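run-v4.cif follows (mmCIF, C-alpha atoms):
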data_my_file
loop_
_atom_site.group_PDB
_atom_site.id
_atom_site.type_symbol
_atom_site.label_atom_id
_atom_site.label_comp_id
_atom_site.auth_asym_id
_atom_site.auth_seq_id
_atom_site.Cartn_x
_atom_site.Cartn_y
_atom_site.Cartn_z
ATOM 1 C CA MET O 1 -1.537 23.916 16.139
ATOM 2 C CA ILE O 2 -1.264 20.123 16.290
ATOM 3 C CA GLY O 3 1.999 18.855 14.841
ATOM 4 C CA ALA O 4 2.267 17.107 11.514
ATOM 5 C CA LEU O 5 2.818 13.807 13.297
ATOM 6 C CA VAL O 6 -0.707 13.923 14.713
ATOM 7 C CA VAL O 7 -2.138 14.412 11.244
ATOM 8 C CA ILE O 8 -0.116 11.497 9.902
ATOM 9 C CA ILE O 9 -1.199 9.174 12.702
ATOM 10 C CA ALA O 10 -4.831 10.170 12.249
ATOM 11 C CA ALA O 11 -4.531 9.275 8.574
ATOM 12 C CA CYS O 12 -3.029 5.921 9.546
ATOM 13 C CA ASN O 13 -5.957 5.232 11.865
ATOM 14 C CA ALA O 14 -8.399 6.099 9.086
ATOM 15 C CA GLN O 15 -6.597 3.679 6.803
ATOM 16 C CA LYS O 16 -6.907 0.957 9.429
ATOM 17 C CA LYS O 17 -10.661 1.474 9.743
ATOM 18 C CA ALA O 18 -10.982 1.296 5.977
ATOM 19 C CA GLY O 19 -9.034 -1.949 5.896
ATOM 20 C CA MET O 20 -6.151 -0.360 3.996
ATOM 21 C CA PRO O 21 -2.488 -1.182 4.659
ATOM 22 C CA VAL O 22 -0.766 1.308 6.935
ATOM 23 C CA THR O 23 2.275 2.651 5.138
ATOM 24 C CA SER O 24 2.327 6.398 5.830
ATOM 25 C CA PHE O 25 4.091 6.530 9.176
ATOM 26 C CA ASP O 26 6.385 4.004 10.820
ATOM 27 C CA LYS O 27 5.451 3.634 14.508
ATOM 28 C CA GLN O 28 8.316 1.576 15.888
ATOM 29 C CA GLY O 29 8.395 -0.044 19.318
ATOM 30 C CA HIS O 30 11.997 0.086 20.560
ATOM 31 C CA ARG O 31 13.074 -3.314 21.901
ATOM 32 C CA GLY O 32 9.339 -3.985 21.878
ATOM 33 C CA CYS O 33 8.231 -1.428 24.446
ATOM 34 C CA ARG O 34 11.183 -1.060 26.813
ATOM 35 C CA GLY O 35 9.501 1.647 28.859
ATOM 36 C CA LEU O 36 6.626 -0.659 29.804
ATOM 37 C CA MET O 37 7.873 -4.276 29.585
ATOM 38 C CA PRO O 38 11.231 -6.082 29.892
ATOM 39 C CA GLU O 39 13.193 -5.176 26.778
ATOM 40 C CA ASN O 40 13.674 -7.497 23.822
ATOM 41 C CA THR O 41 11.385 -10.172 25.255
ATOM 42 C CA ILE O 42 8.331 -11.818 23.751
ATOM 43 C CA PRO O 43 5.935 -10.086 26.206
ATOM 44 C CA ALA O 44 7.405 -6.705 25.203
ATOM 45 C CA MET O 45 6.796 -7.406 21.521
ATOM 46 C CA LEU O 46 3.233 -8.608 22.036
ATOM 47 C CA LYS O 47 2.456 -5.556 24.171
ATOM 48 C CA ALA O 48 3.861 -3.268 21.479
ATOM 49 C CA ILE O 49 1.533 -4.843 18.930
ATOM 50 C CA ASP O 50 -1.412 -4.295 21.285
ATOM 51 C CA LEU O 51 -0.394 -0.638 21.692
ATOM 52 C CA GLY O 52 -0.491 -0.047 17.953
ATOM 53 C CA ALA O 53 3.165 -0.225 16.958
ATOM 54 C CA THR O 54 3.417 -0.908 13.236
ATOM 55 C CA ARG O 55 7.026 -2.116 13.423
ATOM 56 C CA LEU O 56 8.891 -4.046 16.113
ATOM 57 C CA GLU O 57 12.498 -2.996 16.656
ATOM 58 C CA MET O 58 14.809 -5.623 18.152
ATOM 59 C CA ASP O 59 18.498 -6.526 18.453
ATOM 60 C CA VAL O 60 20.228 -9.782 17.574
ATOM 61 C CA VAL O 61 23.464 -11.411 18.730
ATOM 62 C CA ILE O 62 24.903 -14.890 18.167
ATOM 63 C CA SER O 63 25.391 -17.613 20.787
ATOM 64 C CA LYS O 64 28.278 -20.092 21.016
ATOM 65 C CA ASP O 65 26.197 -22.716 19.196
ATOM 66 C CA GLY O 66 25.272 -20.372 16.352
ATOM 67 C CA GLN O 67 21.775 -19.440 17.493
ATOM 68 C CA VAL O 68 20.300 -16.006 16.733
ATOM 69 C CA VAL O 69 19.405 -14.560 20.135
ATOM 70 C CA ILE O 70 17.364 -11.424 20.843
ATOM 71 C CA SER O 71 19.609 -9.205 22.970
ATOM 72 C CA HIS O 72 20.857 -5.624 22.891
ATOM 73 C CA ASP O 73 24.019 -6.441 24.815
ATOM 74 C CA PHE O 74 26.693 -8.992 24.047
ATOM 75 C CA TYR O 75 26.524 -10.095 27.700
ATOM 76 C CA PHE O 76 24.009 -10.393 30.531
ATOM 77 C CA HIS O 77 23.734 -6.751 31.592
ATOM 78 C CA GLU O 78 23.782 -6.198 35.351
ATOM 79 C CA THR O 79 20.798 -3.829 35.135
ATOM 80 C CA LEU O 80 18.526 -6.546 33.759
ATOM 81 C CA THR O 81 19.773 -9.896 34.942
ATOM 82 C CA THR O 82 18.928 -12.395 37.648
ATOM 83 C CA THR O 83 21.082 -15.528 37.573
ATOM 84 C CA PRO O 84 19.637 -19.078 37.552
ATOM 85 C CA ASP O 85 20.271 -19.280 41.317
ATOM 86 C CA GLY O 86 18.429 -16.009 41.970
ATOM 87 C CA LYS O 87 21.406 -13.685 42.379
ATOM 88 C CA THR O 88 22.135 -10.314 40.821
ATOM 89 C CA LEU O 89 25.382 -9.387 39.080
ATOM 90 C CA THR O 90 28.061 -6.772 39.493
ATOM 91 C CA LYS O 91 29.180 -4.964 36.344
ATOM 92 C CA GLU O 92 32.394 -6.997 36.315
ATOM 93 C CA GLU O 93 30.546 -10.307 36.697
ATOM 94 C CA ALA O 94 28.034 -9.355 34.015
ATOM 95 C CA GLU O 95 30.625 -8.459 31.399
ATOM 96 C CA LYS O 96 32.170 -11.914 31.737
ATOM 97 C CA LEU O 97 28.890 -13.582 30.783
ATOM 98 C CA LEU O 98 29.333 -13.182 27.032
ATOM 99 C CA LEU O 99 26.502 -14.731 25.046
ATOM 100 C CA TYR O 100 28.971 -15.659 22.304
ATOM 101 C CA ASN O 101 30.696 -17.927 24.842
ATOM 102 C CA MET O 102 27.435 -19.544 26.015
ATOM 103 C CA THR O 103 25.178 -22.125 24.384
ATOM 104 C CA TYR O 104 21.553 -21.113 24.096
ATOM 105 C CA ASP O 105 20.343 -23.694 26.609
ATOM 106 C CA SER O 106 22.556 -21.922 29.181
ATOM 107 C CA ILE O 107 21.433 -18.443 28.094
ATOM 108 C CA ARG O 108 17.771 -19.323 28.532
ATOM 109 C CA LYS O 109 18.256 -20.102 32.227
ATOM 110 C CA TYR O 110 18.920 -16.434 33.085
ATOM 111 C CA ASP O 111 16.024 -14.082 33.853
ATOM 112 C CA VAL O 112 15.914 -10.578 32.363
ATOM 113 C CA GLY O 113 12.455 -9.460 33.486
ATOM 114 C CA LEU O 114 12.281 -9.552 37.267
ATOM 115 C CA LYS O 115 14.892 -6.978 38.285
ATOM 116 C CA PRO O 116 13.511 -3.401 38.488
ATOM 117 C CA HIS O 117 15.052 -1.162 35.833
ATOM 118 C CA PRO O 118 16.266 2.149 37.313
ATOM 119 C CA ASP O 119 15.619 4.064 34.095
ATOM 120 C CA PHE O 120 12.111 2.737 33.437
ATOM 121 C CA PRO O 121 9.942 2.841 36.571
ATOM 122 C CA GLN O 122 6.791 2.005 34.571
ATOM 123 C CA GLN O 123 8.304 -1.245 33.312
ATOM 124 C CA LYS O 124 6.283 -4.256 34.435
ATOM 125 C CA LYS O 125 8.319 -6.881 36.258
ATOM 126 C CA ILE O 126 7.607 -10.401 35.059
ATOM 127 C CA PRO O 127 9.678 -13.556 34.552
ATOM 128 C CA ALA O 128 11.307 -13.321 31.111
ATOM 129 C CA TYR O 129 14.267 -14.681 29.168
ATOM 130 C CA LYS O 130 16.216 -13.817 26.026
ATOM 131 C CA PRO O 131 14.331 -15.603 23.229
ATOM 132 C CA LEU O 132 15.588 -16.910 19.936
ATOM 133 C CA LEU O 133 14.704 -14.769 16.937
ATOM 134 C CA GLY O 134 12.704 -17.602 15.390
ATOM 135 C CA GLU O 135 10.747 -18.219 18.587
ATOM 136 C CA LEU O 136 9.936 -14.530 18.925
ATOM 137 C CA LEU O 137 8.760 -14.292 15.320
ATOM 138 C CA ASP O 138 6.487 -17.285 15.780
ATOM 139 C CA ALA O 139 4.873 -15.533 18.750
ATOM 140 C CA THR O 140 4.509 -12.108 17.118
ATOM 141 C CA GLU O 141 3.199 -13.472 13.841
ATOM 142 C CA LYS O 142 0.577 -15.527 15.691
ATOM 143 C CA HIS O 143 -0.452 -12.577 17.871
ATOM 144 C CA ALA O 144 -0.633 -10.158 14.953
ATOM 145 C CA LYS O 145 -2.848 -12.567 13.041
ATOM 146 C CA GLU O 146 -5.128 -13.181 16.023
ATOM 147 C CA THR O 147 -5.526 -9.459 16.759
ATOM 148 C CA GLY O 148 -5.785 -8.347 13.138
ATOM 149 C CA LYS O 149 -2.851 -5.958 13.494
ATOM 150 C CA PRO O 150 -0.334 -6.362 10.661
ATOM 151 C CA ILE O 151 3.248 -5.964 11.860
ATOM 152 C CA THR O 152 6.630 -5.292 10.287
ATOM 153 C CA TYR O 153 10.133 -5.725 11.718
ATOM 154 C CA ASN O 154 13.319 -3.736 12.265
ATOM 155 C CA ILE O 155 16.170 -6.107 13.150
ATOM 156 C CA GLU O 156 19.358 -4.497 14.409
ATOM 157 C CA ILE O 157 22.601 -6.415 13.934
ATOM 158 C CA LYS O 158 24.988 -5.775 16.818
ATOM 159 C CA SER O 159 28.651 -5.722 15.826
ATOM 160 C CA LYS O 160 31.850 -3.720 16.151
ATOM 161 C CA PRO O 161 35.185 -4.296 14.388
ATOM 162 C CA GLU O 162 37.040 -4.602 17.697
ATOM 163 C CA PHE O 163 34.661 -7.360 18.835
ATOM 164 C CA ASP O 164 35.181 -9.647 15.809
ATOM 165 C CA GLY O 165 35.944 -13.176 17.008
ATOM 166 C CA LYS O 166 35.675 -12.071 20.644
ATOM 167 C CA LYS O 167 32.084 -11.036 21.297
ATOM 168 C CA HIS O 168 30.581 -12.087 17.978
ATOM 169 C CA PRO O 169 31.475 -14.082 14.846
ATOM 170 C CA PRO O 170 32.481 -12.419 11.548
ATOM 171 C CA VAL O 171 29.775 -10.014 10.369
ATOM 172 C CA GLU O 172 28.962 -12.064 7.278
ATOM 173 C CA GLU O 173 28.148 -15.023 9.515
ATOM 174 C CA ILE O 174 25.885 -12.859 11.685
ATOM 175 C CA VAL O 175 24.049 -11.630 8.598
ATOM 176 C CA ASP O 176 23.676 -15.106 7.092
ATOM 177 C CA LEU O 177 22.426 -16.661 10.334
ATOM 178 C CA THR O 178 19.922 -13.831 10.832
ATOM 179 C CA MET O 179 18.672 -13.919 7.258
ATOM 180 C CA LYS O 180 18.279 -17.690 7.396
ATOM 181 C CA VAL O 181 15.721 -17.238 10.189
ATOM 182 C CA VAL O 182 14.021 -14.324 8.415
ATOM 183 C CA ARG O 183 13.597 -16.452 5.301
ATOM 184 C CA GLN O 184 12.431 -19.503 7.243
ATOM 185 C CA LYS O 185 9.674 -17.400 8.805
ATOM 186 C CA GLY O 186 8.706 -15.795 5.491
ATOM 187 C CA ILE O 187 8.971 -12.186 6.634
ATOM 188 C CA GLU O 188 11.491 -10.862 4.080
ATOM 189 C CA SER O 189 8.963 -8.427 2.590
ATOM 190 C CA ARG O 190 8.218 -6.950 6.019
ATOM 191 C CA THR O 191 11.739 -6.716 7.415
ATOM 192 C CA LEU O 192 14.280 -3.898 7.572
ATOM 193 C CA VAL O 193 17.816 -4.610 8.811
ATOM 194 C CA GLN O 194 19.733 -1.833 10.558
ATOM 195 C CA SER O 195 23.112 -1.373 12.236
ATOM 196 C CA PHE O 196 25.534 1.251 13.485
ATOM 197 C CA ASP O 197 28.292 -0.837 11.909
ATOM 198 C CA PRO O 198 28.365 -0.306 8.119
ATOM 199 C CA ARG O 199 29.976 -3.723 7.527
ATOM 200 C CA PRO O 200 26.875 -5.941 7.994
ATOM 201 C CA LEU O 201 24.877 -3.434 5.932
ATOM 202 C CA GLN O 202 27.423 -3.774 3.136
ATOM 203 C CA VAL O 203 27.041 -7.568 3.329
ATOM 204 C CA MET O 204 23.260 -7.176 3.215
ATOM 205 C CA HIS O 205 23.494 -4.938 0.159
ATOM 206 C CA ARG O 206 25.697 -7.470 -1.634
ATOM 207 C CA LYS O 207 24.006 -10.741 -0.653
ATOM 208 C CA TYR O 208 20.397 -9.778 0.136
ATOM 209 C CA PRO O 209 19.643 -6.766 -2.096
ATOM 210 C CA GLY O 210 15.870 -7.108 -1.756
ATOM 211 C CA ILE O 211 15.855 -6.405 1.993
ATOM 212 C CA PRO O 212 15.537 -2.731 3.040
ATOM 213 C CA ILE O 213 18.509 -1.340 4.986
ATOM 214 C CA GLY O 214 18.657 1.245 7.767
ATOM 215 C CA LEU O 215 21.813 3.120 8.752
ATOM 216 C CA LEU O 216 21.865 3.862 12.481
ATOM 217 C CA ILE O 217 23.652 7.026 13.595
ATOM 218 C CA ASP O 218 24.874 7.699 17.131
ATOM 219 C CA GLY O 219 24.173 11.076 18.701
ATOM 220 C CA ARG O 220 27.900 11.746 18.991
ATOM 221 C CA ASP O 221 28.489 11.269 15.265
ATOM 222 C CA LYS O 222 28.938 14.796 13.932
ATOM 223 C CA ARG O 223 29.863 13.854 10.369
ATOM 224 C CA SER O 224 27.696 15.107 7.546
ATOM 225 C CA LEU O 225 25.100 12.877 5.905
ATOM 226 C CA GLU O 226 27.295 12.765 2.796
ATOM 227 C CA GLU O 227 30.305 11.583 4.807
ATOM 228 C CA GLN O 228 28.269 8.871 6.516
ATOM 229 C CA LEU O 229 26.822 7.606 3.239
ATOM 230 C CA GLN O 230 30.265 7.677 1.640
ATOM 231 C CA GLN O 231 31.533 5.311 4.357
ATOM 232 C CA LEU O 232 28.556 2.993 3.810
ATOM 233 C CA GLY O 233 29.186 2.987 0.059
ATOM 234 C CA TYR O 234 25.570 3.188 -1.147
ATOM 235 C CA THR O 235 22.271 4.900 -0.427
ATOM 236 C CA PRO O 236 20.263 3.032 2.240
ATOM 237 C CA ASP O 237 16.493 2.830 2.378
ATOM 238 C CA ALA O 238 16.366 4.410 5.836
ATOM 239 C CA TYR O 239 18.516 6.725 7.904
ATOM 240 C CA ASN O 240 17.926 6.287 11.646
ATOM 241 C CA PRO O 241 19.723 8.947 13.705
ATOM 242 C CA HIS O 242 19.551 9.836 17.383
ATOM 243 C CA PHE O 243 16.671 12.298 17.705
ATOM 244 C CA SER O 244 18.986 15.079 18.929
ATOM 245 C CA LEU O 245 20.601 15.259 15.476
ATOM 246 C CA VAL O 246 17.381 15.803 13.546
ATOM 247 C CA THR O 247 16.874 19.202 11.944
ATOM 248 C CA GLN O 248 14.695 20.347 9.077
ATOM 249 C CA GLU O 249 17.805 20.481 6.905
ATOM 250 C CA LEU O 250 18.664 16.859 7.666
ATOM 251 C CA VAL O 251 15.104 15.676 6.951
ATOM 252 C CA ASP O 252 15.106 17.563 3.659
ATOM 253 C CA GLN O 253 18.492 16.104 2.691
ATOM 254 C CA CYS O 254 17.224 12.571 3.323
ATOM 255 C CA HIS O 255 14.028 13.111 1.372
ATOM 256 C CA GLN O 256 15.934 14.611 -1.556
ATOM 257 C CA LYS O 257 17.840 11.317 -1.714
ATOM 258 C CA LYS O 258 14.605 9.320 -1.275
ATOM 259 C CA ILE O 259 15.799 8.035 2.109
ATOM 260 C CA LYS O 260 13.300 7.638 4.929
ATOM 261 C CA ILE O 261 14.344 9.105 8.278
ATOM 262 C CA ASN O 262 13.295 7.442 11.554
ATOM 263 C CA PRO O 263 14.779 9.023 14.703
ATOM 264 C CA TRP O 264 15.472 7.080 17.913
ATOM 265 C CA THR O 265 14.756 6.875 20.878
ATOM 266 C CA VAL O 266 11.922 9.413 21.163
ATOM 267 C CA ASN O 267 10.228 9.146 24.554
ATOM 268 C CA THR O 268 8.239 12.358 25.093
ATOM 269 C CA LEU O 269 5.124 13.752 23.442
ATOM 270 C CA ASP O 270 6.771 17.133 22.913
ATOM 271 C CA GLU O 271 9.703 15.607 21.042
ATOM 272 C CA MET O 272 7.359 13.465 18.958
ATOM 273 C CA LYS O 273 5.436 16.580 17.960
ATOM 274 C CA ARG O 274 8.634 18.468 17.111
ATOM 275 C CA LEU O 275 9.857 15.671 14.880
ATOM 276 C CA GLY O 276 6.427 15.261 13.333
ATOM 277 C CA SER O 277 6.442 18.930 12.349
ATOM 278 C CA LEU O 278 9.719 18.268 10.503
ATOM 279 C CA LYS O 279 7.967 15.468 8.556
ATOM 280 C CA VAL O 280 10.088 12.532 9.629
ATOM 281 C CA ASP O 281 8.911 9.185 8.225
ATOM 282 C CA GLY O 282 8.719 7.323 11.510
ATOM 283 C CA ILE O 283 9.682 7.309 15.160
ATOM 284 C CA ILE O 284 11.387 4.690 17.307
ATOM 285 C CA THR O 285 10.225 4.879 20.937
ATOM 286 C CA ASP O 286 10.361 2.967 24.214
ATOM 287 C CA TYR O 287 6.753 4.079 24.780
ATOM 288 C CA PRO O 288 4.572 3.119 21.795
ATOM 289 C CA ASN O 289 1.557 3.951 23.984
ATOM 290 C CA LEU O 290 2.387 7.615 23.372
ATOM 291 C CA PHE O 291 1.308 7.332 19.741
ATOM 292 C CA SER O 292 -2.327 6.945 20.782
ATOM 293 C CA GLU O 293 -2.076 9.962 23.100
ATOM 294 C CA LEU O 294 -1.299 12.142 20.096
ATOM 295 C CA ASN O 295 -4.696 11.486 18.494
#
Would you mind writing the file out in structure tokens?
Amino acid sequence: MIGALVVIIAACNAQKKAGMPVTSFDKQGHRGCRGLMPENTIPAMLKAIDLGATRLEMDVVISKDGQVVISHDFYFHETLTTTPDGKTLTKEEAEKLLLYNMTYDSIRKYDVGLKPHPDFPQQKKIPAYKPLLGELLDATEKHAKETGKPITYNIEIKSKPEFDGKKHPPVEEIVDLTMKVVRQKGIESRTLVQSFDPRPLQVMHRKYPGIPIGLLIDGRDKRSLEEQLQQLGYTPDAYNPHFSLVTQELVDQCHQKKIKINPWTVNTLDEMKRLGSLKVDGIITDYPNLFSELN
């Protein structure tokens, strides 16, 4: 029997054909479409839109000059990076290239699309750089309008208490800088902000109460849902755990609290079907092309 996810996606497609807004199932492209294009780049986001993702998931960090940069890592990761003079980096060299210590004009000179990624053999190799959040939003909004594919956003704030003042500014500054761009681009109503760190989510709840919040949960976090929510201090709009943690009991607990559950990073059809049968509200994947294969 086809999993519940297939039924949900079919309903979404029917809504599209009827010109109705797609709200039933959240098809999220992780870092755009990391399995197919260089992660967290403009080409990855545009490709995800073309593949039918309904939400673009991305990460933000802050540069030395206070710019909001799209990047999962606080530094130029050795797996992704080619230097301005065409060289690759050792792990030690890479970790010294902290984006928080670099101005954006310096950051933009590094390539993050040409080096083959060992974990994603299907990933297309093209010249690419770490864009500013505002620049990326300009590109995705334009592309979504041109292709007639409405898009929403999931912006992950990267922070850890031990990195305060070293790899990133205070969390309130990160939140304010990010939200300034979100407001400038007029996407507040289509944006969810998530983080593993409860601190920026607490700032969001206090200063930007109209923006939906997602609590990210690492696969090694074995606390109960109640314990995790107690640390956060309020009930978020979404609960986004590693897919290995998702059980029927957890899904039911979230839904009883009116919390949507969107597992990450789900990269196989079988796992998508399993999670769909549990009636999750969305899926975050490196391969948004897999959604169409479920039809």
| Mind pulling up the distance from atom CA of Tyr239 of chain O to atom CA of Gly214 of chain O? |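 The value is 5.5 Å.
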| Residues in the PyMOL selection byres ((chain O and resi 54) around 10), expressed as a list in words |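 What the PyMOL selection byres ((chain O and resi 54) around 10) grabs from the file is Val22, Thr23, Phe25, Asp26, Lys27, Gln28, Gly29, Ala48, Ile49, Asp50, Leu51, Gly52, Ala53, Arg55, Leu56, Glu57, Lys149, Pro150, Ile151, Thr152, Tyr153, Gly282 and Pro288 of chain O.
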| message | Can you pull out the residues contacting Gln194 of chain O? Cut-off 10 Å, using only C-alpha atoms, and skip same-chain residues under 5 positions away; I want them as an NGL selection string. | response | :O and (57-59 or 154-158 or 200-201 or 204 or 212-216 or 236-240)
Where does the PyMOL selection byres ((chain O and resi 71-86) around 8) land in this file, that is, which residues does it pick, as a PDB file with C-alpha atoms, in the coordinates of the input?
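part.pdb written:
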ATOM      1  CA  ASN O  40      13.674  -7.497  23.822  1.00  0.00           C
ATOM      2  CA  MET O  58      14.809  -5.623  18.152  1.00  0.00           C
ATOM      3  CA  ASP O  59      18.498  -6.526  18.453  1.00  0.00           C
ATOM      4  CA  VAL O  60      20.228  -9.782  17.574  1.00  0.00           C
ATOM      5  CA  VAL O  61      23.464 -11.411  18.730  1.00  0.00           C
ATOM      6  CA  VAL O  69      19.405 -14.560  20.135  1.00  0.00           C
ATOM      7  CA  ILE O  70      17.364 -11.424  20.843  1.00  0.00           C
ATOM      8  CA  LYS O  87      21.406 -13.685  42.379  1.00  0.00           C
ATOM      9  CA  THR O  88      22.135 -10.314  40.821  1.00  0.00           C
ATOM     10  CA  LEU O  89      25.382  -9.387  39.080  1.00  0.00           C
ATOM     11  CA  THR O  90      28.061  -6.772  39.493  1.00  0.00           C
ATOM     12  CA  LYS O  91      29.180  -4.964  36.344  1.00  0.00           C
ATOM     13  CA  ALA O  94      28.034  -9.355  34.015  1.00  0.00           C
ATOM     14  CA  GLU O  95      30.625  -8.459  31.399  1.00  0.00           C
ATOM     15  CA  LYS O  96      32.170 -11.914  31.737  1.00  0.00           C
ATOM     16  CA  LEU O  97      28.890 -13.582  30.783  1.00  0.00           C
ATOM     17  CA  LEU O  98      29.333 -13.182  27.032  1.00  0.00           C
ATOM     18  CA  LEU O  99      26.502 -14.731  25.046  1.00  0.00           C
ATOM     19  CA  TYR O 100      28.971 -15.659  22.304  1.00  0.00           C
ATOM     20  CA  LYS O 109      18.256 -20.102  32.227  1.00  0.00           C
ATOM     21  CA  TYR O 110      18.920 -16.434  33.085  1.00  0.00           C
ATOM     22  CA  ASP O 111      16.024 -14.082  33.853  1.00  0.00           C
ATOM     23  CA  VAL O 112      15.914 -10.578  32.363  1.00  0.00           C
ATOM     24  CA  GLY O 113      12.455  -9.460  33.486  1.00  0.00           C
ATOM     25  CA  LEU O 114      12.281  -9.552  37.267  1.00  0.00           C
ATOM     26  CA  LYS O 115      14.892  -6.978  38.285  1.00  0.00           C
ATOM     27  CA  PRO O 116      13.511  -3.401  38.488  1.00  0.00           C
ATOM     28  CA  HIS O 117      15.052  -1.162  35.833  1.00  0.00           C
ATOM     29  CA  PRO O 118      16.266   2.149  37.313  1.00  0.00           C
ATOM     30  CA  LYS O 130      16.216 -13.817  26.026  1.00  0.00           C
ATOM     31  CA  LYS O 158      24.988  -5.775  16.818  1.00  0.00           C
ATOM     32  CA  LYS O 167      32.084 -11.036  21.297  1.00  0.00           C
ATOM     33  CA  HIS O 168      30.581 -12.087  17.978  1.00  0.00           C
TER      34      HIS O 168
END
| request: Kindly indicate which residue among O:Pro198, O:Pro241, O:Gly66, O:Gly219 lies nearest to Leu133 of chain O, using all atoms listed in the file for the distances. | output: O:Gly66
| task | Step by step, work through what the PyMOL selection byres ((chain O and resi 182-189) around 8) selects in the shown file, and finish by giving those residues as a PyMOL selection string. | result | chain O and resi 134+137-138+178-181+190-191+211
With C-alpha atoms retained, write the just-selected residues as a short mmCIF file (atom, residue, chain, number, x, y, z; two decimals), in the coordinates of the input.
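File produced: again34.cif:
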data_model
loop_
_atom_site.label_atom_id
_atom_site.label_comp_id
_atom_site.auth_asym_id
_atom_site.auth_seq_id
_atom_site.Cartn_x
_atom_site.Cartn_y
_atom_site.Cartn_z
CA GLY O 134 12.70 -17.60 15.39
CA LEU O 137 8.76 -14.29 15.32
CA ASP O 138 6.49 -17.28 15.78
CA THR O 178 19.92 -13.83 10.83
CA MET O 179 18.67 -13.92 7.26
CA LYS O 180 18.28 -17.69 7.40
CA VAL O 181 15.72 -17.24 10.19
CA ARG O 190 8.22 -6.95 6.02
CA THR O 191 11.74 -6.72 7.42
CA ILE O 211 15.86 -6.40 1.99
#
| task | Can you pull out every residue within 10 Å of Lys207 of chain O, counting all atoms listed in the file, but drop anything in the same chain fewer than 4 positions away, and send it as number ranges by chain? | result | O: 172, 175-176, 201-203, 211
Save out the residues we just selected, C-alpha atoms, as a PDB file, in the coordinates of the input.
ATOM      1  CA  GLU O 172      28.962 -12.064   7.278  1.00  0.00           C
ATOM      2  CA  VAL O 175      24.049 -11.630   8.598  1.00  0.00           C
ATOM      3  CA  ASP O 176      23.676 -15.106   7.092  1.00  0.00           C
ATOM      4  CA  LEU O 201      24.877  -3.434   5.932  1.00  0.00           C
ATOM      5  CA  GLN O 202      27.423  -3.774   3.136  1.00  0.00           C
ATOM      6  CA  VAL O 203      27.041  -7.568   3.329  1.00  0.00           C
ATOM      7  CA  ILE O 211      15.855  -6.405   1.993  1.00  0.00           C
TER       8      ILE O 211
END
Would you mind listing what lies within 12 Å of Leu36 of chain O as a PDB file with C-alpha atoms, keeping the file's coordinate frame, with all atoms listed in the file counted and same-chain residues fewer than 3 positions away left out?
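around-v3.pdb written:
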ATOM      1  CA  GLY O  29       8.395  -0.044  19.318  1.00  0.00           C
ATOM      2  CA  HIS O  30      11.997   0.086  20.560  1.00  0.00           C
ATOM      3  CA  ARG O  31      13.074  -3.314  21.901  1.00  0.00           C
ATOM      4  CA  GLY O  32       9.339  -3.985  21.878  1.00  0.00           C
ATOM      5  CA  CYS O  33       8.231  -1.428  24.446  1.00  0.00           C
ATOM      6  CA  GLU O  39      13.193  -5.176  26.778  1.00  0.00           C
ATOM      7  CA  ASN O  40      13.674  -7.497  23.822  1.00  0.00           C
ATOM      8  CA  THR O  41      11.385 -10.172  25.255  1.00  0.00           C
ATOM      9  CA  PRO O  43       5.935 -10.086  26.206  1.00  0.00           C
ATOM     10  CA  ALA O  44       7.405  -6.705  25.203  1.00  0.00           C
ATOM     11  CA  MET O  45       6.796  -7.406  21.521  1.00  0.00           C
ATOM     12  CA  LEU O  46       3.233  -8.608  22.036  1.00  0.00           C
ATOM     13  CA  LYS O  47       2.456  -5.556  24.171  1.00  0.00           C
ATOM     14  CA  ALA O  48       3.861  -3.268  21.479  1.00  0.00           C
ATOM     15  CA  LEU O  51      -0.394  -0.638  21.692  1.00  0.00           C
ATOM     16  CA  GLY O 113      12.455  -9.460  33.486  1.00  0.00           C
ATOM     17  CA  PRO O 116      13.511  -3.401  38.488  1.00  0.00           C
ATOM     18  CA  HIS O 117      15.052  -1.162  35.833  1.00  0.00           C
ATOM     19  CA  ASP O 119      15.619   4.064  34.095  1.00  0.00           C
ATOM     20  CA  PHE O 120      12.111   2.737  33.437  1.00  0.00           C
ATOM     21  CA  PRO O 121       9.942   2.841  36.571  1.00  0.00           C
ATOM     22  CA  GLN O 122       6.791   2.005  34.571  1.00  0.00           C
ATOM     23  CA  GLN O 123       8.304  -1.245  33.312  1.00  0.00           C
ATOM     24  CA  LYS O 124       6.283  -4.256  34.435  1.00  0.00           C
ATOM     25  CA  LYS O 125       8.319  -6.881  36.258  1.00  0.00           C
ATOM     26  CA  ILE O 126       7.607 -10.401  35.059  1.00  0.00           C
ATOM     27  CA  ASN O 267      10.228   9.146  24.554  1.00  0.00           C
ATOM     28  CA  THR O 285      10.225   4.879  20.937  1.00  0.00           C
ATOM     29  CA  ASP O 286      10.361   2.967  24.214  1.00  0.00           C
ATOM     30  CA  TYR O 287       6.753   4.079  24.780  1.00  0.00           C
ATOM     31  CA  PRO O 288       4.572   3.119  21.795  1.00  0.00           C
ATOM     32  CA  ASN O 289       1.557   3.951  23.984  1.00  0.00           C
ATOM     33  CA  LEU O 290       2.387   7.615  23.372  1.00  0.00           C
TER      34      LEU O 290
END
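Between atom CA of Leu294 of chain O and atom CA of Lys145 of chain O the interatomic distance comes to 25.7 Å.
You will find atom CA of Gly233 of chain O at 28.0 Å from atom CA of Val266 of chain O.
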